[in-house]
$ cat start-v3.cif   # mmCIF, C-alpha atoms
data_final
loop_
_atom_site.label_atom_id
_atom_site.label_comp_id
_atom_site.auth_asym_id
_atom_site.auth_seq_id
_atom_site.Cartn_x
_atom_site.Cartn_y
_atom_site.Cartn_z
CA MET A 1 0.00 0.00 0.00
CA PRO A 2 1.28 3.52 -0.74
CA GLN A 3 2.42 5.51 2.25
CA GLN A 4 0.60 8.78 2.83
CA ARG A 5 3.27 11.30 3.70
CA GLY A 6 3.44 15.07 3.97
CA PRO A 7 0.58 17.55 3.76
CA ARG A 8 -2.64 16.45 2.12
CA LEU A 9 -4.53 18.12 -0.71
CA GLN A 10 -8.14 19.27 -0.35
CA GLY A 11 -11.27 18.00 -2.09
CA SER A 12 -11.34 14.23 -1.64
CA GLY A 13 -13.09 13.77 1.69
CA PRO A 14 -11.75 14.00 5.21
CA ALA A 15 -8.72 11.85 4.56
CA GLY A 16 -7.70 13.74 1.42
CA PRO A 17 -6.30 12.15 -1.76
CA VAL A 18 -3.63 9.46 -1.77
CA GLU A 19 -0.19 10.91 -2.34
CA TYR A 20 3.00 9.18 -3.43
CA ARG A 21 6.66 9.89 -3.19
CA ILE A 22 8.49 8.74 -6.32
CA ASP A 23 9.61 5.40 -4.88
CA ASP A 24 6.07 4.60 -3.67
CA LEU A 25 4.65 5.57 -7.06
CA ALA A 26 7.10 3.35 -8.93
CA ARG A 27 6.30 0.44 -6.61
CA ALA A 28 2.53 0.88 -7.02
CA ALA A 29 2.88 1.01 -10.82
CA ASP A 30 5.20 -2.01 -10.88
CA THR A 31 7.96 -0.04 -12.54
CA THR A 32 11.20 1.67 -11.52
CA VAL A 33 12.08 5.13 -10.30
CA ARG A 34 14.34 5.45 -13.32
CA ASN A 35 11.39 4.80 -15.65
CA VAL A 36 9.22 7.33 -13.84
CA ARG A 37 11.86 9.99 -14.32
CA ALA A 38 12.41 8.99 -17.95
CA TYR A 39 8.68 9.29 -18.68
CA GLN A 40 8.67 12.73 -17.12
CA ASP A 41 11.63 13.81 -19.23
CA ARG A 42 9.80 12.64 -22.38
CA GLY A 43 6.61 14.46 -21.46
CA LEU A 44 4.64 11.26 -20.91
CA LEU A 45 4.02 11.93 -17.22
CA PRO A 46 2.87 15.30 -15.84
CA PRO A 47 5.19 17.07 -13.40
CA ALA A 48 4.90 16.26 -9.72
CA ASP A 49 3.67 18.75 -7.15
CA ARG A 50 6.65 20.26 -5.41
CA ARG A 51 6.36 20.14 -1.60
CA GLY A 52 9.40 21.71 -0.02
CA ARG A 53 12.30 19.50 -1.04
CA ALA A 54 10.14 16.56 -2.18
CA ASN A 55 8.09 15.78 -5.27
CA VAL A 56 4.58 14.49 -4.53
CA TYR A 57 2.55 12.45 -7.02
CA GLU A 58 -1.18 11.75 -7.10
CA GLN A 59 -3.52 9.00 -8.27
CA ALA A 60 -3.61 10.51 -11.76
CA HIS A 61 0.12 9.87 -12.08
CA LEU A 62 -0.37 6.22 -11.12
CA GLU A 63 -3.17 5.80 -13.67
CA ARG A 64 -1.00 7.39 -16.35
CA LEU A 65 1.87 4.98 -15.58
CA ARG A 66 -0.49 2.02 -15.82
CA LEU A 67 -1.79 3.25 -19.19
CA ILE A 68 1.78 3.63 -20.47
CA ALA A 69 2.52 0.06 -19.37
CA GLN A 70 -0.56 -1.23 -21.21
CA LEU A 71 0.40 0.57 -24.40
CA LEU A 72 3.98 -0.72 -24.19
CA ASP A 73 2.64 -4.25 -23.80
CA ARG A 74 0.65 -3.75 -27.00
CA GLY A 75 3.84 -2.92 -28.88
CA HIS A 76 3.67 0.86 -29.00
CA THR A 77 6.87 2.89 -28.86
CA LEU A 78 7.36 5.71 -26.37
CA ALA A 79 7.15 8.21 -29.23
CA GLY A 80 3.87 6.70 -30.37
CA ILE A 81 2.52 6.73 -26.82
CA LYS A 82 3.43 10.42 -26.54
CA GLU A 83 1.40 11.16 -29.66
CA LEU A 84 -1.57 9.20 -28.34
CA LEU A 85 -1.43 10.92 -24.97
CA ASP A 86 -1.22 14.33 -26.62
CA ALA A 87 -4.32 13.43 -28.64
CA TRP A 88 -6.09 12.32 -25.49
CA GLU A 89 -5.26 15.52 -23.64
CA SER A 90 -6.50 17.61 -26.56
CA GLY A 91 -9.90 15.96 -26.23
CA ARG A 92 -9.80 13.44 -29.07
CA GLY A 93 -10.06 10.42 -26.78
CA LEU A 94 -8.24 7.09 -26.60
CA GLY A 95 -10.93 4.70 -25.39
CA GLY A 96 -12.50 4.07 -28.78
CA VAL A 97 -9.20 3.79 -30.61
CA LEU A 98 -7.82 1.30 -28.09
CA GLY A 99 -11.04 -0.68 -28.41
CA LEU A 100 -10.54 -0.84 -32.18
CA VAL A 101 -6.95 -1.97 -31.73
CA ALA A 102 -8.07 -4.70 -29.32
CA GLU A 103 -10.76 -5.85 -31.77
CA VAL A 104 -8.41 -6.07 -34.74
CA THR A 105 -5.46 -7.65 -32.93
CA GLY A 106 -7.45 -10.07 -30.77
CA PRO A 107 -8.27 -13.68 -31.79
CA TRP A 108 -10.38 -13.96 -34.93
CA THR A 109 -11.79 -17.36 -33.99
CA ASP A 110 -13.95 -18.62 -31.16
CA GLU A 111 -11.47 -21.33 -30.22
CA THR A 112 -10.18 -21.57 -26.68
CA PRO A 113 -6.51 -22.60 -26.28
CA THR A 114 -5.97 -25.85 -24.43
CA ARG A 115 -3.05 -27.44 -22.61
CA LEU A 116 -1.53 -30.83 -23.41
CA THR A 117 1.13 -32.70 -21.53
CA ARG A 118 3.88 -34.24 -23.59
CA ALA A 119 2.51 -37.69 -22.81
CA GLU A 120 -0.95 -36.67 -24.07
CA LEU A 121 0.53 -35.24 -27.25
CA VAL A 122 2.49 -38.41 -27.97
CA ALA A 123 -0.58 -40.55 -27.25
CA ALA A 124 -2.66 -38.50 -29.70
CA PHE A 125 -0.20 -39.49 -32.43
CA HIS A 126 -0.32 -43.16 -31.47
CA GLY A 127 2.91 -43.13 -29.51
CA VAL A 128 5.02 -41.40 -32.15
CA GLU A 129 7.41 -38.90 -30.50
CA ASP A 130 9.24 -36.91 -33.14
CA ARG A 131 11.33 -34.06 -31.71
CA GLU A 132 11.86 -32.52 -35.13
CA SER A 133 8.12 -32.42 -35.77
CA ILE A 134 7.52 -30.91 -32.33
CA ALA A 135 10.15 -28.29 -33.13
CA HIS A 136 8.41 -27.41 -36.40
CA ALA A 137 5.03 -27.27 -34.62
CA LEU A 138 6.52 -24.83 -32.11
CA ARG A 139 7.98 -22.67 -34.90
CA LEU A 140 4.64 -22.60 -36.68
CA GLY A 141 2.70 -21.79 -33.53
CA VAL A 142 0.67 -25.02 -33.64
CA LEU A 143 2.20 -25.66 -30.21
CA ARG A 144 3.63 -23.20 -27.71
CA PRO A 145 5.72 -23.80 -24.61
CA ASP A 146 3.53 -23.99 -21.53
CA ARG A 147 4.48 -21.08 -19.32
CA PRO A 148 1.74 -20.22 -16.83
CA SER A 149 3.65 -17.11 -15.83
CA ASP A 150 3.48 -15.76 -19.37
CA PRO A 151 -0.25 -15.75 -20.29
CA ALA A 152 0.28 -13.62 -23.39
CA ARG A 153 1.77 -16.63 -25.14
CA VAL A 154 -1.49 -18.56 -24.98
CA GLY A 155 -3.43 -16.54 -27.49
CA ALA A 156 -0.63 -15.25 -29.67
CA GLY A 157 -0.51 -15.89 -33.39
CA GLY A 158 1.73 -18.51 -34.89
CA ASP A 159 3.19 -17.12 -38.09
CA ALA A 160 6.77 -16.54 -37.03
CA GLY A 161 8.06 -19.91 -38.06
CA VAL A 162 6.78 -20.15 -41.62
CA GLY A 163 9.44 -21.28 -44.03
CA VAL A 164 11.94 -22.56 -41.48
CA ASP A 165 14.30 -25.07 -43.03
CA ALA A 166 14.20 -28.59 -41.66
CA GLY A 167 17.96 -28.52 -41.34
CA ASP A 168 17.89 -25.92 -38.57
CA ALA A 169 19.03 -27.18 -35.19
CA VAL A 170 16.11 -28.73 -33.32
CA ASP A 171 17.83 -28.20 -29.98
CA ALA A 172 17.70 -24.42 -30.52
CA VAL A 173 13.90 -24.37 -30.53
CA ASP A 174 12.47 -22.98 -27.32
CA GLY A 175 10.41 -25.57 -25.45
CA VAL A 176 11.07 -28.57 -27.69
CA ASP A 177 11.85 -30.75 -24.66
CA GLY A 178 9.09 -29.31 -22.49
CA GLU A 179 6.75 -31.53 -20.54
CA ALA A 180 3.63 -29.55 -21.50
CA PHE A 181 2.41 -27.38 -24.36
CA VAL A 182 -0.30 -24.83 -25.05
CA VAL A 183 -2.40 -25.53 -28.16
CA PRO A 184 -3.70 -22.19 -29.53
CA SER A 185 -5.96 -23.93 -32.07
CA PRO A 186 -7.21 -27.36 -30.91
CA ALA A 187 -9.04 -27.75 -34.24
CA LEU A 188 -5.81 -27.35 -36.22
CA LEU A 189 -4.00 -29.89 -34.09
CA GLY A 190 -7.03 -32.17 -34.43
CA VAL A 191 -6.65 -32.07 -38.22
CA ALA A 192 -3.03 -33.16 -37.87
CA VAL A 193 -4.07 -36.03 -35.58
CA GLU A 194 -6.70 -37.22 -38.08
CA LEU A 195 -4.33 -37.00 -41.05
CA HIS A 196 -1.69 -38.95 -39.13
CA ALA A 197 -4.29 -41.59 -38.28
CA LEU A 198 -5.00 -41.87 -42.02
CA GLY A 199 -1.34 -42.67 -42.62
CA VAL A 200 0.06 -39.27 -43.56
CA PRO A 201 3.64 -38.84 -42.22
CA LEU A 202 4.23 -35.98 -39.80
CA PRO A 203 6.78 -34.20 -42.08
CA ALA A 204 4.22 -34.21 -44.91
CA ILE A 205 1.54 -32.76 -42.61
CA ILE A 206 3.88 -29.96 -41.54
CA ALA A 207 4.90 -29.18 -45.12
CA HIS A 208 1.24 -29.07 -46.15
CA LEU A 209 0.42 -26.66 -43.32
CA GLU A 210 3.22 -24.33 -44.41
CA GLU A 211 1.86 -24.36 -47.96
CA VAL A 212 -1.73 -23.77 -46.83
CA ARG A 213 -0.65 -20.98 -44.50
CA GLY A 214 1.12 -19.22 -47.35
CA ALA A 215 -1.98 -19.45 -49.55
CA THR A 216 -4.39 -18.31 -46.84
CA GLY A 217 -2.04 -15.48 -45.93
CA GLY A 218 -2.34 -14.22 -49.49
CA MET A 219 -6.14 -14.48 -49.37
CA ALA A 220 -6.28 -12.64 -46.05
CA ARG A 221 -4.00 -9.90 -47.37
CA ARG A 222 -6.20 -9.42 -50.41
CA PHE A 223 -9.40 -9.30 -48.34
CA VAL A 224 -7.90 -6.76 -45.93
CA GLU A 225 -6.69 -4.59 -48.83
CA PHE A 226 -10.13 -4.85 -50.44
CA SER A 227 -11.79 -3.82 -47.16
CA ALA A 228 -9.34 -0.98 -46.62
CA VAL A 229 -10.15 0.52 -50.04
CA HIS A 230 -13.90 -0.04 -50.13
CA VAL A 231 -14.96 -0.04 -46.46
CA PHE A 232 -12.45 1.68 -44.19
CA ALA A 233 -11.30 4.53 -46.45
CA ARG A 234 -13.72 6.91 -44.74
CA TYR A 235 -11.84 6.50 -41.46
CA ALA A 236 -8.46 7.44 -42.93
CA GLY A 237 -6.67 10.77 -42.75
CA HIS A 238 -8.00 12.04 -39.44
CA HIS A 239 -8.10 11.21 -35.74
CA LEU A 240 -11.02 8.90 -34.98
CA SER A 241 -13.62 10.02 -32.48
CA ASP A 242 -14.92 7.45 -30.01
CA ALA A 243 -18.09 7.18 -32.08
CA GLU A 244 -16.18 6.53 -35.30
CA ALA A 245 -13.93 4.00 -33.57
CA GLY A 246 -17.00 2.21 -32.21
CA GLU A 247 -18.50 2.13 -35.70
CA ALA A 248 -15.24 0.70 -37.07
CA VAL A 249 -15.27 -2.01 -34.38
CA GLY A 250 -18.76 -3.01 -35.50
CA THR A 251 -17.61 -3.11 -39.12
CA VAL A 252 -14.71 -5.41 -38.24
CA ARG A 253 -17.12 -7.75 -36.48
CA ARG A 254 -19.40 -7.82 -39.54
CA LEU A 255 -16.51 -8.50 -41.91
CA ARG A 256 -15.17 -11.52 -40.01
CA PRO A 257 -18.01 -13.92 -40.89
CA LEU A 258 -18.16 -12.54 -44.42
CA ALA A 259 -14.52 -13.43 -45.03
CA GLN A 260 -15.06 -16.88 -43.54
CA ALA A 261 -18.15 -17.45 -45.69
CA VAL A 262 -16.27 -16.55 -48.89
CA VAL A 263 -13.41 -18.92 -48.03
CA ASP A 264 -15.78 -21.76 -47.09
CA ALA A 265 -17.82 -21.42 -50.29
CA GLU A 266 -14.85 -21.10 -52.63
CA LEU A 267 -12.85 -23.83 -50.95
CA GLY A 268 -15.83 -26.19 -51.20
CA ARG A 269 -16.25 -25.39 -54.89
CA ALA A 270 -12.55 -25.80 -55.64
CA MET A 271 -12.27 -29.03 -53.65
CA ARG A 272 -15.15 -30.57 -55.60
CA LEU A 273 -13.61 -29.60 -58.93
CA GLU A 274 -10.13 -30.86 -58.03
CA ALA A 275 -11.39 -34.11 -56.53
CA THR A 276 -13.55 -34.72 -59.60
CA ARG A 277 -10.57 -34.12 -61.90
CA LEU A 278 -8.49 -36.59 -59.92
CA LEU A 279 -11.22 -39.21 -59.90
CA ARG A 280 -11.82 -38.80 -63.64
CA ALA A 281 -8.09 -39.22 -64.32
CA ALA A 282 -8.08 -42.39 -62.22
CA VAL A 283 -11.07 -43.74 -64.13
CA GLU A 284 -9.31 -43.08 -67.44
CA LEU A 285 -6.40 -45.21 -66.25
CA SER A 286 -8.59 -48.05 -65.03
CA GLY A 287 -8.85 -49.71 -68.45
CA ASP A 288 -11.82 -50.46 -70.66
CA GLY A 289 -14.84 -52.29 -69.34
CA PRO A 290 -18.29 -51.88 -67.84
CA LEU A 291 -16.94 -50.54 -64.52
CA ARG A 292 -15.15 -47.70 -66.27
CA ASP A 293 -18.26 -46.88 -68.30
CA LEU A 294 -20.36 -46.86 -65.13
CA LEU A 295 -17.98 -44.54 -63.28
CA GLN A 296 -17.74 -42.16 -66.23
CA SER A 297 -21.52 -42.06 -66.44
CA GLU A 298 -21.82 -41.30 -62.73
CA LEU A 299 -19.21 -38.57 -62.93
CA THR A 300 -20.94 -36.94 -65.89
CA ALA A 301 -24.33 -37.08 -64.16
CA SER A 302 -22.94 -35.65 -60.93
CA GLU A 303 -21.25 -32.75 -62.73
CA ALA A 304 -24.45 -31.98 -64.65
CA LEU A 305 -26.43 -31.95 -61.39
CA ALA A 306 -23.92 -29.63 -59.72
CA ASP A 307 -24.10 -27.26 -62.68
CA HIS A 308 -27.90 -27.36 -62.56
CA VAL A 309 -28.13 -26.29 -58.91
CA GLY A 310 -25.65 -23.47 -59.55
CA CYS A 311 -22.59 -24.69 -57.63
CA ASP A 312 -20.33 -23.24 -60.31
CA GLN A 313 -22.53 -20.42 -61.54
CA GLY A 314 -20.45 -17.55 -62.79
CA PHE A 315 -17.18 -19.53 -62.92
CA THR A 316 -15.47 -21.03 -65.91
CA GLU A 317 -13.58 -24.26 -65.34
CA THR A 318 -10.12 -24.22 -66.88
#
$ encode --input "start-v3.cif" --output "structure tokens"
Amino acid sequence: MPQQRGPRLQGSGPAGPVEYRIDDLARAADTTVRNVRAYQDRGLLPPADRRGRANVYEQAHLERLRLIAQLLDRGHTLAGIKELLDAWESGRGLGGVLGLVAEVTGPWTDETPTRLTRAELVAAFHGVEDRESIAHALRLGVLRPDRPSDPARVGAGGDAGVGVDAGDAVDAVDGVDGEAFVVPSPALLGVAVELHALGVPLPAIIAHLEEVRGATGGMARRFVEFSAVHVFARYAGHHLSDAEAGEAVGTVRRLRPLAQAVVDAELGRAMRLEATRLLRAAVELSGDGPLRDLLQSELTASEALADHVGCDQGFTET
């Protein structure tokens, strides 16, 4: 608890407001005296009230330090924080903008991360324990080291390891020998488990994920660029008010299911076309005979039915 020293200010009841000396303030904000002084030098923290030979800080200083810490945790630089705080003090507001940042940078799925022990992970893959595959899964973010003291790792994205060469040293991967892991996307790991049960080797599953992630990254980039041009352009070029930021948050929430719906529909269409091509090629290689004629007839009828109900309306098969 902060110590209440020196004369009190008026206006906050009989006990007066809580006051802090610099060491008490730093302790309450979970920072250092050096940081407090540095923030003051940069104009991030208002000056203290001078009381004789001591500087006295108030609750507003503590709240400002906590806000600075939150913004630093979100990746902002001190210069960027200064600009935001200046905007706040000029009446433009930060609440709505920070809400928009949280909406955009938060998880875009409803999945809840889970925890697996190493033994449970190995059992899921029928007793196969492959350190190299675990290392690749950690690089790709399919698994993360289990560190209860570092909760930010649980929901973080997993794109940092895309394209890592298999020849890199496995021992250098953080957490590869850990006894427990966090699984950010249980559904994604579940796909790997099912593919492995179907006989697909772990290295092939990992390579396929890297390829899929590259393709979906391109789709996401295009959708975001499309939205930026046609939807979010009206928010550009000026400081957002809280009302505008709230409207933008709602727009982001509306766009999420739209993007998912487009991917689901187009992936379903493309999967049917590619699977049909593969099956037709296999039938062609099966030799002459009544079975081949029957399969070709079924394929032709199925494609005609799909065209009739409009599965491929507006698209030209190449």
$ closest_atom_pairs --input "start-v3.cif" --of "range 101-148 of chain A" --to "range 188-208 of chain A" --cutoff "10 Å" --atoms "all atoms listed in the file" --output "Markdown table"
| residue | atom | partner | partner_atom | distance |
| --- | --- | --- | --- | --- |
| A:Leu121 | CA | A:Val193 | CA | 9.5 |
| A:Ala124 | CA | A:Val193 | CA | 6.5 |
| A:Phe125 | CA | A:Val193 | CA | 6.1 |
| A:His126 | CA | A:Ala197 | CA | 8.0 |
| A:Val128 | CA | A:Leu202 | CA | 9.4 |
| A:Asp130 | CA | A:Leu202 | CA | 8.4 |
| A:Glu132 | CA | A:Pro203 | CA | 8.8 |
| A:Ser133 | CA | A:Leu202 | CA | 6.6 |
| A:Ile134 | CA | A:Leu202 | CA | 9.6 |
| A:His136 | CA | A:Ile206 | CA | 7.3 |
| A:Ala137 | CA | A:Ile206 | CA | 7.5 |
| A:Leu140 | CA | A:Ile206 | CA | 8.9 |
| A:Val142 | CA | A:Leu189 | CA | 6.8 |
| A:Leu143 | CA | A:Leu189 | CA | 8.4 |
$ atom_distance --input "start-v3.cif" --atom1 "CA of Arg139 in chain A" --atom2 "CA of Val176 in chain A"
9.8 Å
$ axis_aligned_box --input "start-v3.cif" --around "range 94-113 of chain A" --padding-each-side "6 Å" --output "lines of an AutoDock Vina configuration file"
center_x = -9.7
center_y = -7.8
center_z = -30.2
size_x = 20.5
size_y = 41.7
size_z = 21.5
$ atom_distance --input "start-v3.cif" --atom1 "CA of Phe232 in chain A" --atom2 "CA of Ala248 in chain A"
7.7 Å
$ resolve_selection --input "start-v3.cif" --expression "the PyMOL selection byres ((chain A and resi 30) around 12)" --output "ChimeraX atom specification"
/A:23-29,31-33,35-36,62-63,65-66,68-70
$ closest_residue --input "start-v3.cif" --among "A:Phe226, A:Glu298, A:Val262, A:Tyr235" --to "Leu279 in chain A" --atoms "all atoms listed in the file"
A:Glu298
$ atom_distance --input "start-v3.cif" --atom1 "CA of Gly52 in chain A" --atom2 "CA of Val18 in chain A"
18.0 Å
$ residues_around --input "start-v3.cif" --residues "Leu71 in chain A" --least-positions-apart "6" --cutoff "10 Å" --atoms "only C-alpha atoms" --output "list in words"
Leu65, Thr77, Leu78, Gly80, Ile81, Leu84 and Leu98 of chain A
$ closest_residue --input "start-v3.cif" --among "A:Ala281, A:Asp174, A:Glu103, A:Thr109" --to "Ala135 in chain A" --atoms "all atoms listed in the file"
A:Asp174
$ residues_around --input "start-v3.cif" --residues "Ala48 in chain A" --least-positions-apart "6" --cutoff "6 Å" --atoms "all atoms listed in the file" --output "PDB file with C-alpha atoms, in the frame of the given file"
ATOM      1  CA  ASN A  55       8.090  15.780  -5.270  1.00  0.00           C
ATOM      2  CA  VAL A  56       4.580  14.490  -4.530  1.00  0.00           C
ATOM      3  CA  TYR A  57       2.550  12.450  -7.020  1.00  0.00           C
TER       4      TYR A  57
END
$ closest_residue --input "start-v3.cif" --among "A:Val101, A:Leu209, A:Ile22, A:Ala270" --to "Gly246 in chain A" --atoms "all atoms listed in the file"
A:Val101
$ residues_near_point --input "start-v3.cif" --point "(-8.1, -9.4, -46.0)" --cutoff "12 Å" --atoms "all atoms listed in the file" --output "ChimeraX atom specification"
/A:104,216-231,252,255-256,258-260,262-263
$ residues_around --input "start-v3.cif" --residues "Arg118 in chain A" --least-positions-apart "2" --cutoff "10 Å" --atoms "all atoms listed in the file" --output "PDB file with C-alpha atoms, in the frame of the given file"
ATOM      1  CA  ARG A 115      -3.050 -27.440 -22.610  1.00  0.00           C
ATOM      2  CA  LEU A 116      -1.530 -30.830 -23.410  1.00  0.00           C
ATOM      3  CA  GLU A 120      -0.950 -36.670 -24.070  1.00  0.00           C
ATOM      4  CA  LEU A 121       0.530 -35.240 -27.250  1.00  0.00           C
ATOM      5  CA  VAL A 122       2.490 -38.410 -27.970  1.00  0.00           C
ATOM      6  CA  ALA A 123      -0.580 -40.550 -27.250  1.00  0.00           C
ATOM      7  CA  ALA A 124      -2.660 -38.500 -29.700  1.00  0.00           C
ATOM      8  CA  GLU A 129       7.410 -38.900 -30.500  1.00  0.00           C
ATOM      9  CA  ASP A 177      11.850 -30.750 -24.660  1.00  0.00           C
ATOM     10  CA  GLY A 178       9.090 -29.310 -22.490  1.00  0.00           C
ATOM     11  CA  GLU A 179       6.750 -31.530 -20.540  1.00  0.00           C
ATOM     12  CA  ALA A 180       3.630 -29.550 -21.500  1.00  0.00           C
ATOM     13  CA  PHE A 181       2.410 -27.380 -24.360  1.00  0.00           C
TER      14      PHE A 181
END
$ closest_residue --input "start-v3.cif" --among "A:Glu19, A:Asp146, A:Glu266, A:Asp41" --to "Pro113 in chain A" --atoms "all atoms listed in the file"
A:Asp146
